[in-house]
Amino acid sequence: MRIRILGTAAGGGLPQWNCGCAGCATARHTGAVRSQDCLAISGDGSAWYLVNASPDLRTQLLAAPELAPAPGSRATPLHGVLLTSGELDHTLGLLTLREAAGLSVHASAPVRAALHGAFPVGPLLAPYTGARWHTVVPGRAVELAGGLVAEPLALGGKRPRYAADLPVPPEGERTDWVTGYRFTGPDGRARAVYAPGLAAWTPAVDRAVADADVVILDGTFATDDELARHTGGARTSRGMGHLPVADSLPHLARRPGPRYLYTHLNNTNPLAHRDSPEAAALAPALAAAGAAVAEDGTVLDL
Ligand code: MLT
Ligand code: MN
Ligand code: ZN
C-alpha cells in the first residue's frame, strides 16, 4: 500500500486568503504553507484513489508523480474518489475532475443526496463526465482496484452548513454525514485508517485503529476553545464535530502501535505552524503518544 498525503489543512488552508493573523502571515512569508485536506491511496502502486477532493486538487495532483497520466495518453491512474464528508473543503475539487473520461465517486447516503441537492455537484458534473455514484455504508467493505479494500466507519452526524436546513431524515434512515475509512492492502497486509473528521472516540474507532499501521486523524484544533479565543465567536471544536488534539491524545497513548498523524489542521492550530514555539512545546506530548503532524507531500509505504 502506498499513501500520498496531498493536503493537511482544514478549510481555508494555510495561509487563509483573508487572514492576516501571525501564523498566516508567517506562512505567507516563509512559504511553509498547507493545502486543504486530501489523500491519495493505492493498494498496488498503480491504481489510485483520492480520499476527498479539495479545492486545491489541481495543484495537489500536479505535485504527485504517481498520479500523472501515462505518456502520450489520457489514461489516468486515478480510479475514483471516496468522500469522508460533503463539506466544501472535501468536495469542491470534484469539479476540477470534470475532464476525466469517467469518475467513480463513493459517498455516504446523506452526502450523496446533498451533492445532488443542496450542493448539486452530481448534476453539474453530468454533462462533463460520466460519473458513477456509489453509496458507502458503515461496516460494509468496498473492494477497489489494485487489491485495496475500504471499510467505511461512521464518524458523526455533523452536516455541512449549506445542508443545515435539509429535512431531518425519517426514523431509521442513515445520518452518516461524516465517514472515515479503514483501508487494507492486497492480502490484508497493510492497514491504514483515515479520519479527518472525528467527532468522538467511539468503540468502533478504537477497534479500527487497534491493528492499524498508520492512522491519519482529525487535528483541526489543538484545544476545544481555540477558535473562540482567536475569533471571539462561540464555536467550539467539539461543537463543530472535531475532537480536539488535547482530547484524542490520551486515546492514542492508550493504543500504542500505529503511527499517528494529525491532519486537517486549522490555521488557528499552533500545531499547523512548523517551527513555532507553541508547536515545539506540544511536540513531546505528541511524540510520547506516537503521534506527529502530517505534512503535505508525505509518502507512506506500508
Ligand atoms: C469542517 O471541517 O468543519 C468544515 O469544513 C468547516 C467549513 O465549513 O469550512
Ligand atoms: Mn473541513
Ligand atoms: Zn490566520
# chains A, B, ... in the order shown; residues from 1 in each chain; ligands from 1
$ residues_near_ligand --ligand "ligand 1" --cutoff "9 Å" --atoms "only C-alpha atoms and all ligand atoms" --output "compact mmCIF listing (two decimals) with N, CA and C atoms, in the first residue's frame"
# COMPACT_ATOMS: atom_id res chain seq x y z
N ALA A 10 -7.18 22.37 7.25
CA ALA A 10 -8.64 22.44 7.26
C ALA A 10 -9.09 23.45 6.20
N GLY A 11 -10.42 23.59 6.07
CA GLY A 11 -10.97 24.52 5.10
C GLY A 11 -10.35 25.90 5.22
N GLY A 12 -9.97 26.47 4.08
CA GLY A 12 -9.31 27.78 4.10
C GLY A 12 -7.83 27.66 3.82
N SER A 85 -16.85 13.36 3.79
CA SER A 85 -17.92 14.27 4.17
C SER A 85 -18.39 14.99 2.91
N GLY A 86 -19.42 15.82 3.07
CA GLY A 86 -19.87 16.64 1.95
C GLY A 86 -19.41 18.07 2.12
N GLU A 87 -18.52 18.33 3.10
CA GLU A 87 -18.04 19.69 3.37
C GLU A 87 -17.40 20.26 2.09
N LEU A 88 -17.46 21.56 1.95
CA LEU A 88 -16.92 22.19 0.75
C LEU A 88 -15.43 21.93 0.60
N ASP A 89 -14.69 21.90 1.73
CA ASP A 89 -13.24 21.67 1.61
C ASP A 89 -12.93 20.24 1.19
N HIS A 90 -13.93 19.35 1.18
CA HIS A 90 -13.72 17.97 0.75
C HIS A 90 -14.35 17.65 -0.60
N LYS A 158 -22.52 15.43 11.82
CA LYS A 158 -22.41 16.88 11.61
C LYS A 158 -22.53 17.22 10.12
N ARG A 159 -23.52 18.05 9.80
CA ARG A 159 -23.78 18.40 8.41
C ARG A 159 -22.96 19.61 7.96
N PRO A 160 -22.70 19.71 6.67
CA PRO A 160 -22.12 20.96 6.17
C PRO A 160 -23.12 22.10 6.40
N ARG A 161 -22.62 23.30 6.56
CA ARG A 161 -23.54 24.41 6.84
C ARG A 161 -24.56 24.61 5.72
N TYR A 162 -24.16 24.32 4.45
CA TYR A 162 -25.10 24.51 3.34
C TYR A 162 -26.26 23.51 3.41
N PRO A 196 -10.30 12.34 8.96
CA PRO A 196 -10.01 13.77 9.14
C PRO A 196 -11.10 14.51 9.90
N GLY A 197 -12.28 13.90 10.06
CA GLY A 197 -13.33 14.50 10.88
C GLY A 197 -13.75 13.48 11.92
N THR A 220 -7.83 19.16 13.63
CA THR A 220 -8.32 20.50 13.27
C THR A 220 -7.91 21.54 14.31
N SER A 237 -14.53 23.44 19.20
CA SER A 237 -14.03 22.36 18.37
C SER A 237 -15.03 21.20 18.37
N MET A 240 -18.16 21.75 16.49
CA MET A 240 -18.00 21.67 15.04
C MET A 240 -17.74 20.24 14.57
N GLY A 241 -17.81 19.28 15.50
CA GLY A 241 -17.61 17.88 15.11
C GLY A 241 -16.15 17.48 15.02
N HIS A 242 -15.28 18.24 15.70
CA HIS A 242 -13.86 17.91 15.68
C HIS A 242 -13.34 17.70 17.11
N HIS A 264 -5.83 17.85 8.65
CA HIS A 264 -6.96 18.78 8.62
C HIS A 264 -6.75 19.85 9.70
N ASN A 266 -6.46 23.38 11.31
CA ASN A 266 -6.95 24.73 11.06
C ASN A 266 -5.81 25.73 11.22
$ closest_atom_pairs --of "chain A" --to "ligand 3" --cutoff "7 Å" --atoms "only C-alpha atoms and all ligand atoms" --output "JSON lines"
{"residue": "A:Pro15", "atom": "CA", "partner": "ligand 3", "partner_atom_place_in_ligand_line": "1 (Zn)", "distance": 6.0}
{"residue": "A:Gln16", "atom": "CA", "partner": "ligand 3", "partner_atom_place_in_ligand_line": "1 (Zn)", "distance": 5.9}
{"residue": "A:Cys19", "atom": "CA", "partner": "ligand 3", "partner_atom_place_in_ligand_line": "1 (Zn)", "distance": 4.4}
{"residue": "A:Gly20", "atom": "CA", "partner": "ligand 3", "partner_atom_place_in_ligand_line": "1 (Zn)", "distance": 5.5}
{"residue": "A:Cys21", "atom": "CA", "partner": "ligand 3", "partner_atom_place_in_ligand_line": "1 (Zn)", "distance": 4.2}
{"residue": "A:Ala22", "atom": "CA", "partner": "ligand 3", "partner_atom_place_in_ligand_line": "1 (Zn)", "distance": 6.6}
{"residue": "A:Gly23", "atom": "CA", "partner": "ligand 3", "partner_atom_place_in_ligand_line": "1 (Zn)", "distance": 5.6}
{"residue": "A:Cys24", "atom": "CA", "partner": "ligand 3", "partner_atom_place_in_ligand_line": "1 (Zn)", "distance": 4.1}
{"residue": "A:Asn267", "atom": "CA", "partner": "ligand 3", "partner_atom_place_in_ligand_line": "1 (Zn)", "distance": 5.3}
{"residue": "A:Thr268", "atom": "CA", "partner": "ligand 3", "partner_atom_place_in_ligand_line": "1 (Zn)", "distance": 6.1}
$ write_last_selection --atoms "all heavy atoms" --output "short mmCIF file (atom, residue, chain, number, x, y, z; two decimals), in the first residue's frame"
data_model
loop_
_atom_site.label_atom_id
_atom_site.label_comp_id
_atom_site.auth_asym_id
_atom_site.auth_seq_id
_atom_site.Cartn_x
_atom_site.Cartn_y
_atom_site.Cartn_z
N PRO A 15 -1.58 29.82 4.32
CA PRO A 15 -2.44 30.81 4.96
C PRO A 15 -3.83 30.83 4.34
O PRO A 15 -4.01 30.40 3.21
CB PRO A 15 -1.71 32.13 4.66
CG PRO A 15 -1.02 31.88 3.34
CD PRO A 15 -0.60 30.44 3.39
N GLN A 16 -4.77 31.34 5.09
CA GLN A 16 -6.11 31.56 4.54
C GLN A 16 -6.11 32.92 3.87
O GLN A 16 -5.55 33.88 4.40
CB GLN A 16 -7.14 31.50 5.68
CG GLN A 16 -8.58 31.65 5.19
CD GLN A 16 -9.58 31.33 6.27
OE1 GLN A 16 -9.51 30.29 6.90
NE2 GLN A 16 -10.54 32.23 6.48
N CYS A 19 -6.86 36.08 5.89
CA CYS A 19 -6.42 36.13 7.29
C CYS A 19 -5.00 36.67 7.41
O CYS A 19 -4.08 36.18 6.74
CB CYS A 19 -6.51 34.74 7.92
SG CYS A 19 -6.21 34.81 9.69
N GLY A 20 -4.85 37.68 8.25
CA GLY A 20 -3.54 38.28 8.48
C GLY A 20 -3.00 37.97 9.86
O GLY A 20 -2.14 38.70 10.35
N CYS A 21 -3.51 36.89 10.49
CA CYS A 21 -3.01 36.55 11.84
C CYS A 21 -1.52 36.20 11.74
O CYS A 21 -0.99 35.99 10.65
CB CYS A 21 -3.81 35.38 12.43
SG CYS A 21 -3.37 33.77 11.77
N ALA A 22 -0.87 36.14 12.90
CA ALA A 22 0.59 35.93 12.91
C ALA A 22 0.96 34.65 12.17
O ALA A 22 1.92 34.63 11.39
CB ALA A 22 1.07 35.89 14.36
N GLY A 23 0.19 33.57 12.39
CA GLY A 23 0.52 32.30 11.75
C GLY A 23 0.36 32.35 10.24
O GLY A 23 1.22 31.86 9.50
N CYS A 24 -0.73 32.95 9.77
CA CYS A 24 -0.94 33.07 8.32
C CYS A 24 0.11 33.99 7.70
O CYS A 24 0.61 33.73 6.59
CB CYS A 24 -2.36 33.57 8.02
SG CYS A 24 -3.63 32.32 8.31
N ASN A 267 -5.94 26.87 10.53
CA ASN A 267 -4.85 27.86 10.61
C ASN A 267 -4.73 28.48 12.00
O ASN A 267 -3.74 29.13 12.30
CB ASN A 267 -4.99 28.92 9.50
CG ASN A 267 -6.43 29.34 9.31
OD1 ASN A 267 -7.07 29.84 10.23
ND2 ASN A 267 -6.95 29.13 8.10
N THR A 268 -5.72 28.26 12.87
CA THR A 268 -5.61 28.73 14.26
C THR A 268 -4.84 27.75 15.15
O THR A 268 -4.50 28.08 16.29
CB THR A 268 -7.02 28.88 14.88
OG1 THR A 268 -7.73 27.65 14.68
CG2 THR A 268 -7.79 30.01 14.24
#
$ closest_residue --among "A:Val215, A:Ala63, A:Leu95, A:Val142" --to "Val121 (chain A)" --atoms "only C-alpha atoms"
A:Leu95
$ closest_residue --among "A:Ala272, A:Ala192, A:Ala200, A:Leu243" --to "Gly43 (chain A)" --atoms "only C-alpha atoms"
A:Ala192
$ closest_residue --among "A:Thr76, A:Thr84, A:Thr59, A:Ser248" --to "ligand 2" --atoms "only C-alpha atoms and all ligand atoms"
A:Thr84
$ residues_around --residues "Val205 (chain A)" --least-positions-apart "5" --cutoff "10 Å" --atoms "only C-alpha atoms" --output "ChimeraX atom specification"
/A:153-155,180,182,193,195,198,200,210
$ residues_around --residues "Thr236 (chain A)" --least-positions-apart "3" --cutoff "10 Å" --atoms "only C-alpha atoms" --output "list in words"
Phe221, Thr223, Asp224, Asp225, Glu226, Leu227, Ala228, Arg229, Gly233, Gly239, Met240, Gly241, His242, Leu243 and Pro244 of chain A
$ residues_around --residues "region 281-288 of chain A" --least-positions-apart "5" --cutoff "8 Å" --atoms "only C-alpha atoms" --output "CSV table (one decimal) with N, CA and C atoms, in the first residue's frame"
chain,number,residue,atom,x,y,z
A,249,LEU,N,-5.4,12.8,22.2
A,249,LEU,CA,-4.0,12.3,22.5
A,249,LEU,C,-4.1,11.2,23.6
A,253,ALA,N,-2.4,7.4,23.3
A,253,ALA,CA,-1.4,6.9,24.2
A,253,ALA,C,-1.8,5.6,24.8
A,271,LEU,N,-0.2,23.7,16.1
A,271,LEU,CA,0.5,22.6,15.5
A,271,LEU,C,0.6,22.8,14.0
$ select_by_dssp --residues "region 69-249 of chain A" --states "strand (DSSP E or B)" --output "PyMOL selection string"
chain A and resi 78-82+102-108+130-136+142-143+149-156+178-184+191-195+214-218
$ residues_around --residues "Glu151 (chain A)" --least-positions-apart "3" --cutoff "9 Å" --atoms "only C-alpha atoms" --output "VMD selection string"
chain A and resid 136 to 143 180 to 184
$ atom_distance --atom1 "CA of Arg74 (chain A)" --atom2 "CA of Ala131 (chain A)"
16.7 Å
$ closest_residue --among "A:Ala126, A:Ala291, A:Ile216, A:Ala164" --to "Leu39 (chain A)" --atoms "only C-alpha atoms"
A:Ile216
$ atom_distance --atom1 "CA of Thr26 (chain A)" --atom2 "CA of Ala280 (chain A)"
15.9 Å
$ atom_distance --atom1 "CA of Ala109 (chain A)" --atom2 "CA of Glu171 (chain A)"
14.5 Å
